[in-house]
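Asks: My structure is stored as structure11.tsv, with TSV, C-alpha atoms.
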chain	number	residue	atom	x	y	z
U	12	MET	CA	113.67	25.60	-5.69
U	13	THR	CA	113.64	27.61	-2.48
U	14	SER	CA	116.80	28.54	-0.60
U	15	SER	CA	116.01	26.00	2.15
U	16	GLU	CA	115.72	23.29	-0.51
U	17	ASP	CA	119.03	24.44	-1.99
U	18	ILE	CA	120.67	24.04	1.41
U	19	ARG	CA	119.19	20.56	1.86
U	20	VAL	CA	120.41	19.45	-1.58
U	21	GLU	CA	123.90	20.79	-0.81
U	22	GLU	CA	123.97	18.97	2.53
U	23	LEU	CA	122.82	15.69	0.97
U	24	GLU	CA	125.33	16.02	-1.87
U	25	LYS	CA	128.16	16.64	0.61
U	26	ARG	CA	127.09	13.63	2.66
U	27	LEU	CA	126.87	11.54	-0.47
U	28	LEU	CA	130.39	12.42	-1.59
U	29	ASN	CA	132.16	12.52	1.77
U	30	GLY	CA	130.23	10.05	3.92
U	31	PHE	CA	130.20	6.32	4.42
U	32	VAL	CA	127.44	3.73	4.69
U	33	ASN	CA	127.52	0.08	5.67
U	34	SER	CA	124.99	-1.69	3.48
U	35	GLU	CA	123.36	-1.73	0.09
U	36	GLU	CA	120.10	-0.54	1.67
U	37	GLU	CA	121.80	2.47	3.26
U	38	ALA	CA	123.59	3.33	0.00
U	39	TYR	CA	120.33	3.21	-1.95
U	40	LYS	CA	118.52	5.33	0.64
U	41	LEU	CA	121.30	7.92	0.67
U	42	TYR	CA	121.14	8.43	-3.10
U	43	CYS	CA	117.32	8.38	-3.02
U	44	ASP	CA	117.26	11.12	-0.36
U	45	TYR	CA	119.42	13.28	-2.61
U	46	ALA	CA	117.40	12.39	-5.72
U	47	HIS	CA	114.04	13.17	-4.15
U	48	ALA	CA	115.30	16.52	-2.89
U	49	MET	CA	116.46	17.27	-6.44
U	50	GLY	CA	113.28	15.96	-8.09
U	51	PHE	CA	114.22	12.76	-9.90
U	52	SER	CA	113.67	9.05	-9.34
U	53	VAL	CA	116.33	6.36	-8.89
U	54	ARG	CA	116.79	2.93	-10.42
U	55	LYS	CA	119.18	0.21	-9.30
U	56	ALA	CA	121.67	-0.70	-12.04
U	57	LYS	CA	124.79	-2.85	-12.28
U	58	GLN	CA	126.63	-4.50	-9.46
U	59	TYR	CA	129.90	-6.42	-9.49
U	60	TYR	CA	131.22	-9.08	-7.12
U	61	PHE	CA	134.59	-10.00	-5.71
U	62	THR	CA	136.11	-12.82	-7.76
U	63	GLY	CA	134.87	-16.23	-6.69
U	64	SER	CA	132.28	-14.95	-4.23
U	65	ARG	CA	128.82	-13.41	-3.97
U	66	LYS	CA	130.12	-10.46	-1.97
U	67	ILE	CA	129.36	-7.16	-3.74
U	68	ARG	CA	132.44	-5.18	-4.83
U	69	SER	CA	130.71	-2.20	-6.45
U	70	LYS	CA	127.14	-0.98	-6.97
U	71	LYS	CA	125.67	1.54	-9.40
U	72	TYR	CA	122.46	3.58	-9.11
U	73	VAL	CA	121.15	5.66	-12.02
U	74	CYS	CA	118.49	8.23	-12.82
U	75	TRP	CA	115.16	6.65	-13.71
U	76	LYS	CA	115.40	8.20	-17.19
U	77	GLU	CA	118.72	6.51	-17.94
U	78	GLY	CA	118.88	4.59	-21.24
U	79	VAL	CA	116.56	4.60	-24.26
U	80	LYS	CA	113.41	2.71	-25.19
U	81	ASP	CA	113.86	-0.62	-26.96
U	82	GLU	CA	112.41	-0.14	-30.45
U	83	LYS	CA	111.83	-3.89	-30.86
U	84	GLU	CA	109.72	-3.92	-27.72
U	85	SER	CA	107.66	-0.90	-28.82
U	86	ASN	CA	106.87	-2.50	-32.21
U	87	HIS	CA	106.03	-5.93	-30.79
U	88	GLY	CA	102.67	-7.40	-31.81
U	89	ASN	CA	99.58	-5.55	-33.03
U	90	ALA	CA	98.85	-3.62	-29.84
U	91	SER	CA	96.70	-0.56	-30.38
U	92	HIS	CA	98.64	1.47	-27.82
U	93	GLU	CA	102.19	1.90	-26.58
U	94	ARG	CA	103.64	2.78	-23.21
U	95	LEU	CA	104.76	6.37	-22.89
U	96	ASN	CA	108.52	6.59	-23.42
U	97	SER	CA	109.95	8.28	-20.33
U	98	ARG	CA	113.62	7.52	-21.06
U	99	THR	CA	115.89	10.39	-22.11
U	100	ASP	CA	119.27	8.57	-21.97
U	101	CYS	CA	120.13	10.59	-18.87
U	102	SER	CA	123.69	9.95	-17.65
U	103	ALA	CA	123.24	11.04	-14.01
U	104	MET	CA	124.45	8.28	-11.67
U	105	VAL	CA	126.40	7.35	-8.58
U	106	TRP	CA	128.87	4.50	-8.19
U	107	PHE	CA	129.61	2.97	-4.78
U	108	THR	CA	132.71	0.87	-4.16
U	109	ILE	CA	132.68	-1.53	-1.23
U	110	ASP	CA	135.87	-2.36	0.67
U	111	LYS	CA	136.70	-5.64	2.41
U	112	ASP	CA	135.02	-4.43	5.63
U	113	GLY	CA	131.72	-3.82	3.82
U	114	VAL	CA	131.98	-0.01	3.86
U	115	TYR	CA	130.34	1.76	0.90
U	116	ARG	CA	132.06	4.87	-0.52
U	117	VAL	CA	131.15	6.94	-3.58
U	118	THR	CA	133.91	6.71	-6.21
U	119	LYS	CA	132.02	8.19	-9.18
U	120	PHE	CA	129.23	10.75	-9.25
U	121	VAL	CA	127.58	12.28	-12.34
U	122	LYS	CA	125.41	15.20	-11.26
U	123	ASP	CA	123.95	16.69	-14.45
U	124	HIS	CA	120.61	15.57	-15.97
U	125	ASN	CA	119.26	16.13	-19.50
U	126	HIS	CA	115.62	16.57	-18.45
U	127	GLU	CA	113.51	18.70	-16.14
U	128	MET	CA	113.21	17.84	-12.47
U	129	ALA	CA	109.84	17.01	-10.89
U	130	LYS	CA	108.04	19.93	-9.28
U	131	HIS	CA	107.96	20.14	-5.51
U	132	ASP	CA	104.30	19.08	-5.26
U	133	GLU	CA	104.92	16.09	-7.56
U	134	ARG	CA	107.96	14.57	-5.85
U	135	HIS	CA	105.93	12.32	-3.59
U	136	LEU	CA	104.83	10.50	-6.78
U	137	LEU	CA	108.39	9.65	-7.84
U	138	ARG	CA	108.67	5.88	-7.98
U	139	SER	CA	111.71	5.55	-5.72
U	140	ALA	CA	110.18	8.04	-3.25
U	141	ARG	CA	107.16	5.84	-2.61
U	142	SER	CA	107.13	3.07	-0.04
U	143	VAL	CA	104.69	1.42	2.33
U	144	SER	CA	106.11	1.91	5.84
U	145	LYS	CA	105.84	-0.74	8.55
U	146	ALA	CA	103.17	1.33	10.29
U	147	SER	CA	101.12	1.79	7.11
U	148	GLY	CA	101.61	-1.85	6.18
U	149	GLY	CA	100.31	-2.88	9.57
U	150	VAL	CA	97.19	-0.77	9.11
U	151	LEU	CA	96.61	-2.20	5.64
U	152	GLU	CA	97.05	-5.76	6.88
U	153	SER	CA	94.66	-5.21	9.80
U	154	MET	CA	91.97	-3.76	7.53
U	155	ILE	CA	92.39	-6.54	4.98
U	156	ASN	CA	92.13	-9.14	7.76
U	157	ALA	CA	88.90	-7.40	8.81
U	158	ARG	CA	87.64	-8.08	5.24
U	159	ILE	CA	87.65	-4.40	4.27
U	160	PRO	CA	88.24	-4.06	0.48
U	161	LEU	CA	91.72	-2.78	-0.29
U	162	VAL	CA	90.45	0.19	-2.29
U	163	ASN	CA	88.40	1.31	0.74
U	164	ALA	CA	91.33	0.73	3.10
U	165	PHE	CA	93.58	2.85	0.90
U	166	GLU	CA	91.09	5.73	0.66
U	167	TYR	CA	90.60	5.64	4.43
U	168	MET	CA	94.38	5.97	4.98
U	169	VAL	CA	94.53	8.86	2.50
U	170	ASP	CA	91.79	10.69	4.40
U	171	GLU	CA	93.46	10.02	7.76
U	172	SER	CA	96.84	11.28	6.54
U	173	GLY	CA	95.40	14.50	5.14
U	174	GLY	CA	95.92	13.84	1.43
U	175	ARG	CA	97.63	11.62	-1.12
U	176	GLU	CA	100.88	13.57	-0.95
U	177	ASN	CA	101.24	12.69	2.77
U	178	ILE	CA	100.57	8.97	2.70
U	179	GLY	CA	103.88	8.10	1.00
U	180	PHE	CA	102.54	5.64	-1.59
U	181	ILE	CA	99.87	5.23	-4.26
U	182	LYS	CA	97.10	2.67	-4.72
U	183	LYS	CA	99.27	0.46	-6.93
U	184	ASP	CA	101.90	0.26	-4.15
U	185	ALA	CA	99.20	-0.83	-1.70
U	186	TYR	CA	98.12	-3.66	-4.04
U	187	ASN	CA	101.75	-4.73	-4.52
U	188	TYR	CA	102.36	-4.69	-0.77
U	189	VAL	CA	99.34	-6.90	-0.06
U	190	HIS	CA	100.34	-9.28	-2.87
U	191	GLU	CA	103.88	-9.65	-1.48
U	192	LEU	CA	102.51	-10.05	2.03
U	193	ARG	CA	100.31	-12.92	0.96
U	194	ALA	CA	103.15	-14.50	-0.99
U	195	SER	CA	105.42	-14.32	2.07
U	196	LYS	CA	103.12	-16.46	4.21
U	197	ILE	CA	104.31	-20.02	4.59
U	198	GLU	CA	102.21	-22.11	2.23
U	199	ALA	CA	100.14	-24.90	3.75
U	200	GLY	CA	102.05	-27.65	1.92
U	201	ASP	CA	105.46	-26.37	3.02
U	202	CYS	CA	104.18	-25.87	6.56
U	203	GLN	CA	102.89	-29.43	6.74
U	204	SER	CA	106.17	-30.78	5.36
U	205	LEU	CA	108.08	-28.88	8.06
U	206	LEU	CA	105.82	-30.19	10.83
U	207	THR	CA	106.18	-33.72	9.49
U	208	TYR	CA	109.97	-33.34	9.47
U	209	PHE	CA	109.98	-32.10	13.07
U	210	LYS	CA	107.74	-35.00	14.20
U	211	ASN	CA	109.96	-37.54	12.45
U	212	LYS	CA	113.07	-36.05	14.06
U	213	THR	CA	111.35	-36.20	17.46
U	214	ASN	CA	110.67	-39.92	16.93
U	215	GLU	CA	114.29	-40.54	15.87
U	216	ASP	CA	115.88	-38.34	18.55
U	217	GLY	CA	114.15	-38.44	21.93
U	218	PHE	CA	115.82	-35.16	22.95
U	219	PHE	CA	114.96	-33.25	19.76
U	220	TYR	CA	113.12	-30.00	20.60
U	221	TRP	CA	111.06	-27.73	18.39
U	222	ASP	CA	108.40	-25.06	18.72
U	223	SER	CA	106.55	-22.63	16.48
U	224	GLN	CA	104.64	-19.38	16.84
U	225	LEU	CA	101.49	-18.57	14.87
U	226	ASP	CA	100.32	-15.21	13.57
U	227	ASN	CA	96.89	-13.67	14.21
U	228	GLU	CA	95.37	-15.82	11.47
U	229	GLY	CA	96.67	-19.07	12.88
U	230	ARG	CA	99.47	-19.47	10.30
U	231	MET	CA	103.02	-20.43	11.19
U	232	ALA	CA	105.15	-17.29	11.39
U	233	ASN	CA	108.24	-18.32	13.39
U	234	PHE	CA	109.82	-21.65	14.32
U	235	PHE	CA	112.79	-22.91	16.34
U	236	TRP	CA	114.53	-26.27	16.72
U	237	ARG	CA	117.57	-27.92	18.27
U	238	ASP	CA	118.71	-31.53	18.43
U	239	SER	CA	120.23	-33.58	21.25
U	240	ARG	CA	123.80	-32.78	20.14
U	241	SER	CA	123.03	-29.07	20.47
U	242	LYS	CA	121.75	-29.61	24.02
U	243	ILE	CA	124.90	-31.51	25.02
U	244	ASP	CA	127.14	-28.83	23.46
U	245	PHE	CA	125.24	-26.08	25.27
U	246	ASP	CA	125.60	-27.87	28.62
U	247	TYR	CA	129.39	-27.86	28.17
U	248	PHE	CA	130.06	-24.71	26.12
U	249	GLY	CA	126.97	-22.53	26.56
U	250	ASP	CA	128.51	-19.84	28.74
U	251	VAL	CA	128.93	-17.62	25.67
U	252	VAL	CA	126.36	-17.47	22.86
U	253	SER	CA	126.37	-15.48	19.64
U	254	PHE	CA	123.00	-14.65	18.08
U	255	ASP	CA	122.77	-13.19	14.57
U	256	THR	CA	119.87	-12.20	12.29
U	257	THR	CA	121.83	-11.10	9.22
U	258	TYR	CA	120.65	-13.53	6.58
U	259	ARG	CA	117.46	-13.88	4.51
U	260	THR	CA	118.21	-16.48	1.87
U	261	ASN	CA	115.02	-18.52	1.56
U	262	LYS	CA	111.83	-18.63	-0.45
U	263	TYR	CA	109.75	-16.73	2.10
U	264	ASN	CA	112.39	-14.10	2.96
U	265	LEU	CA	112.40	-15.40	6.54
U	266	ILE	CA	115.26	-14.37	8.81
U	267	CYS	CA	117.71	-17.14	9.60
U	268	ALA	CA	118.58	-16.72	13.30
U	269	PRO	CA	121.17	-19.24	14.60
U	270	PHE	CA	122.42	-19.56	18.20
U	271	VAL	CA	126.15	-20.25	17.87
U	272	GLY	CA	129.04	-21.01	20.22
U	273	VAL	CA	132.63	-22.26	20.23
U	274	ASN	CA	133.89	-25.57	21.66
U	275	HIS	CA	137.25	-26.48	23.24
U	276	HIS	CA	138.77	-27.04	19.78
U	277	TRP	CA	137.80	-23.49	18.71
U	278	GLN	CA	135.24	-25.01	16.36
U	279	THR	CA	131.92	-23.30	15.70
U	280	ILE	CA	129.00	-25.23	17.14
U	281	MET	CA	125.25	-24.75	16.75
U	282	PHE	CA	123.06	-24.54	19.85
U	283	GLY	CA	119.84	-24.09	17.89
U	284	CYS	CA	118.32	-22.23	14.97
U	285	ALA	CA	115.16	-20.29	14.18
U	286	PHE	CA	113.46	-18.78	11.16
U	287	LEU	CA	111.59	-15.56	11.90
U	288	SER	CA	109.11	-13.54	9.88
U	289	GLY	CA	109.96	-10.27	11.66
U	290	GLU	CA	112.29	-8.59	14.15
U	291	THR	CA	109.91	-7.28	16.79
U	292	GLU	CA	110.43	-7.34	20.53
U	293	ILE	CA	107.53	-9.80	20.92
U	294	THR	CA	109.08	-12.18	18.37
U	295	PHE	CA	112.53	-12.05	19.97
U	296	GLU	CA	111.12	-12.55	23.48
U	297	TRP	CA	109.20	-15.62	22.30
U	298	LEU	CA	112.34	-17.02	20.67
U	299	PHE	CA	114.67	-16.38	23.62
U	300	LYS	CA	112.22	-17.90	26.12
U	301	THR	CA	111.74	-20.89	23.80
U	302	PHE	CA	115.52	-21.32	23.54
U	303	LEU	CA	115.80	-21.05	27.33
U	304	GLU	CA	113.12	-23.70	27.88
U	305	SER	CA	114.81	-26.02	25.37
U	306	MET	CA	118.05	-25.77	27.38
U	307	GLY	CA	116.51	-26.60	30.75
U	308	ASN	CA	116.30	-22.90	31.72
U	309	LYS	CA	120.08	-22.54	31.80
U	310	GLN	CA	120.93	-18.95	30.82
U	311	PRO	CA	124.16	-18.11	29.00
U	312	LYS	CA	126.58	-15.96	30.97
U	313	THR	CA	127.13	-13.71	27.94
U	314	ILE	CA	125.20	-13.26	24.70
U	315	PHE	CA	126.60	-11.35	21.71
U	316	THR	CA	124.23	-9.69	19.22
U	317	ASN	CA	124.09	-6.75	16.87
U	318	GLN	CA	122.87	-3.33	18.00
U	319	ASP	CA	119.09	-3.76	17.87
U	320	GLN	CA	116.84	-2.17	20.49
U	321	ALA	CA	114.02	-4.71	20.14
U	322	MET	CA	116.52	-7.53	20.60
U	323	SER	CA	118.12	-5.78	23.59
U	324	ASN	CA	114.76	-5.34	25.33
U	325	ALA	CA	113.85	-8.98	24.75
U	326	ILE	CA	117.18	-10.18	26.19
U	327	LYS	CA	116.57	-8.18	29.38
U	328	ASN	CA	113.23	-9.93	29.82
U	329	ALA	CA	114.24	-13.44	28.78
U	330	PHE	CA	117.87	-13.58	30.05
U	331	PRO	CA	117.98	-11.30	33.11
U	332	GLU	CA	121.11	-13.02	34.45
U	333	SER	CA	123.06	-12.79	31.17
U	334	ARG	CA	125.45	-10.06	30.11
U	335	HIS	CA	124.45	-8.59	26.75
U	336	ARG	CA	127.37	-7.48	24.60
U	337	LEU	CA	127.55	-6.16	21.02
U	338	CYS	CA	129.28	-8.15	18.31
U	339	GLN	CA	132.67	-6.70	17.39
U	340	TRP	CA	132.05	-7.30	13.69
U	341	HIS	CA	128.86	-5.21	13.76
U	342	ILE	CA	130.59	-2.39	15.68
U	343	ALA	CA	133.46	-2.33	13.18
U	344	LYS	CA	131.00	-2.31	10.28
U	345	LYS	CA	129.18	0.76	11.60
U	346	THR	CA	132.28	2.63	12.78
U	347	PRO	CA	133.17	4.56	9.56
U	348	THR	CA	129.65	6.00	9.36
U	349	TYR	CA	129.87	7.67	12.75
U	350	LEU	CA	133.52	8.69	13.10
U	351	GLY	CA	133.40	11.56	10.59
U	352	ALA	CA	136.73	13.41	10.37
U	353	LEU	CA	138.42	10.83	12.61
U	354	ASN	CA	138.28	8.41	9.66
U	355	SER	CA	141.17	10.31	8.06
U	356	SER	CA	143.45	10.03	11.10
U	357	ARG	CA	145.79	7.06	10.84
U	358	THR	CA	146.85	7.37	14.50
U	359	PHE	CA	143.21	7.26	15.63
U	360	GLN	CA	142.51	4.25	13.41
U	361	ASN	CA	145.51	2.41	14.88
U	362	SER	CA	144.45	3.20	18.44
U	363	PHE	CA	140.84	2.20	17.77
U	364	HIS	CA	141.96	-1.08	16.21
U	365	ARG	CA	144.13	-1.80	19.25
U	366	CYS	CA	141.16	-1.16	21.55
U	367	MET	CA	138.93	-3.46	19.53
U	368	SER	CA	141.33	-6.33	18.84
U	369	GLU	CA	144.57	-6.25	20.79
U	370	CYS	CA	143.83	-5.40	24.45
U	371	GLU	CA	143.99	-8.51	26.63
U	372	THR	CA	142.78	-7.05	29.94
U	373	GLU	CA	140.13	-4.56	31.02
U	374	GLU	CA	142.84	-2.31	32.48
U	375	GLU	CA	144.78	-2.26	29.21
U	376	PHE	CA	141.62	-1.41	27.29
U	377	GLU	CA	140.74	1.48	29.63
U	378	VAL	CA	144.23	3.00	29.39
U	379	THR	CA	144.34	2.66	25.58
U	380	TRP	CA	140.78	3.96	25.13
U	381	TRP	CA	141.18	7.10	27.20
U	382	LYS	CA	144.57	7.83	25.71
U	383	MET	CA	142.95	7.70	22.25
U	384	ILE	CA	140.02	9.90	23.37
U	385	ASN	CA	142.25	12.54	24.95
U	386	GLU	CA	144.82	12.66	22.15
U	387	HIS	CA	142.06	13.38	19.60
U	388	ASP	CA	139.87	15.65	21.79
U	389	ALA	CA	136.97	13.23	21.35
U	390	GLN	CA	135.52	13.51	24.87
U	391	GLU	CA	132.26	14.92	23.52
U	392	HIS	CA	132.03	12.79	20.39
U	393	SER	CA	128.36	11.72	20.34
U	394	TRP	CA	128.93	8.17	19.06
U	395	LEU	CA	132.08	7.33	21.03
U	396	LYS	CA	130.43	8.44	24.28
U	397	ASP	CA	127.86	5.64	23.85
U	398	TYR	CA	130.64	3.04	24.15
U	399	VAL	CA	132.37	4.50	27.19
Using structure tokens, write down the structure from this file.
Replies:
Amino acid sequence: MTSSEDIRVEELEKRLLNGFVNSEEEAYKLYCDYAHAMGFSVRKAKQYYFTGSRKIRSKKYVCWKEGVKDEKESNHGNASHERLNSRTDCSAMVWFTIDKDGVYRVTKFVKDHNHEMAKHDERHLLRSARSVSKASGGVLESMINARIPLVNAFEYMVDESGGRENIGFIKKDAYNYVHELRASKIEAGDCQSLLTYFKNKTNEDGFFYWDSQLDNEGRMANFFWRDSRSKIDFDYFGDVVSFDTTYRTNKYNLICAPFVGVNHHWQTIMFGCAFLSGETEITFEWLFKTFLESMGNKQPKTIFTNQDQAMSNAIKNAFPESRHRLCQWHIAKKTPTYLGALNSSRTFQNSFHRCMSECETEEEFEVTWWKMINEHDAQEHSWLKDYV
């Protein structure tokens, strides 16, 4: 390992032990970055939940060579060959604990391995290091749609990238990607059932509204609907709308994207809902303009979302008269990742909490915010400056 690689490993290890992340995906990526710099692959292991819920309490990731081969499996049947046993019962692992705010912190870290690390020129072949990026996936999909055989499409991408070590995945990953892509398309039977449901609702409710967007192959990719009750609620309470794309809990891994508000009883009300196959600017702009049309072109005065650039751009185009604000929950969730040393200051945490939750006027917020910034010399803090 060269000195520059040593430095990178040290930096990643320090970030792993002292940093914070806000999701299972970020936790996995953080350990994978460290693992790939070291020369080993990662496997997801146990996870535990808070009692009575499906909210993850702790998550464990292990070295790919953790455990031993099952002897019963290796002696099964009369096969003339066996899979190569790559397990060495390696104990290297990392354990993340998740607090009530969804912040992931490392609480246990086993560094030592009982096997050799992959050589530098072999690390791109590590299983957890390989992935088909959105850009590469788009190229694969376009070539497949053009009826180019997958093996030819893969070899073309290898040549264009300058070699197999630069493409980021192997042929098997390409086949898996295409298989999952095809499986994610809404099947004809389910699509027809959905259309039939929408048509029946339209017959029952004269003010029911729905629309769908097709992909390049004429298949349903995104759809939106709202009923007459949603339209009435929006007419009365649609000044403020919350839009969230957090959940994927369905057969096709579609994004559930509800438009939500609050009525005069402080009850949550639904203005409409969509299921989306992706989170691109084009998709969001279609959805927002569809929502706008369904509500008689009445724009909300304020719309709250998470911090997503594609979503932000689409809102500017579809809702030019609306104020776009970031959801407080999403800001709070990301905060520990960016604050660094300020995370350990109780006075800063108290001041930040007051800014986020207790200020009742703009003037009070400004005074509290700048007092916090000045007391902690955070005028040049890169993340905090974005919210000034």
Asks: Can you tell me which residues surround Gly30 of chain U at a distance of at most 10 Å, considering only C-alpha atoms, apart from same-chain residues fewer than 4 positions away, and format the answer as a PyMOL selection string?
Replies: chain U and resi 23-26+41+115-117+347-352
Asks: In Å, how far is it from atom CA of Phe51 of chain U to atom CA of Leu137 of chain U?
Replies: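 About the pair atom CA of Phe51 of chain U and atom CA of Leu137 of chain U: they are 6.9 Å apart.
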Asks: Report, in Å to a single decimal, how far apart atom CA of Asn264 of chain U and atom CA of Ser147 of chain U are.
Replies: 19.9 Å
Asks: Rank nothing, just name the residue among U:Gln310, U:Asn233, U:Gln203, U:Asn33 nearest to Asp112 of chain U, using only C-alpha atoms.
Replies: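 Using only C-alpha atoms, the shortest distance to Asp112 of chain U belongs to U:Asn33.
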Asks: Using atom CA of Ala325 of chain U and atom CA of Phe295 of chain U as the two end points, give the distance in Å to one decimal.
Replies: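 A separation of 5.8 Å between them.
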Asks: Identify which of the residues U:Cys370, U:Ile67, U:Cys202, U:Met128 lies closest to Lys111 of chain U, counting all atoms listed in the file when measuring atom-to-atom distances.
Replies: U:Ile67
Asks: Which residue out of U:Thr358, U:Ser253, U:Ser368, U:Gln278 has the minimum interatomic distance to Thr313 of chain U when only C-alpha atoms are used?
Replies: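 Among the listed residues, U:Ser253 lies closest to Thr313 of chain U.
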Asks: From the list U:Lys57, U:Lys70, U:Lys40, U:His335, which residue is nearest Ser323 of chain U when using only C-alpha atoms?
Replies: U:His335
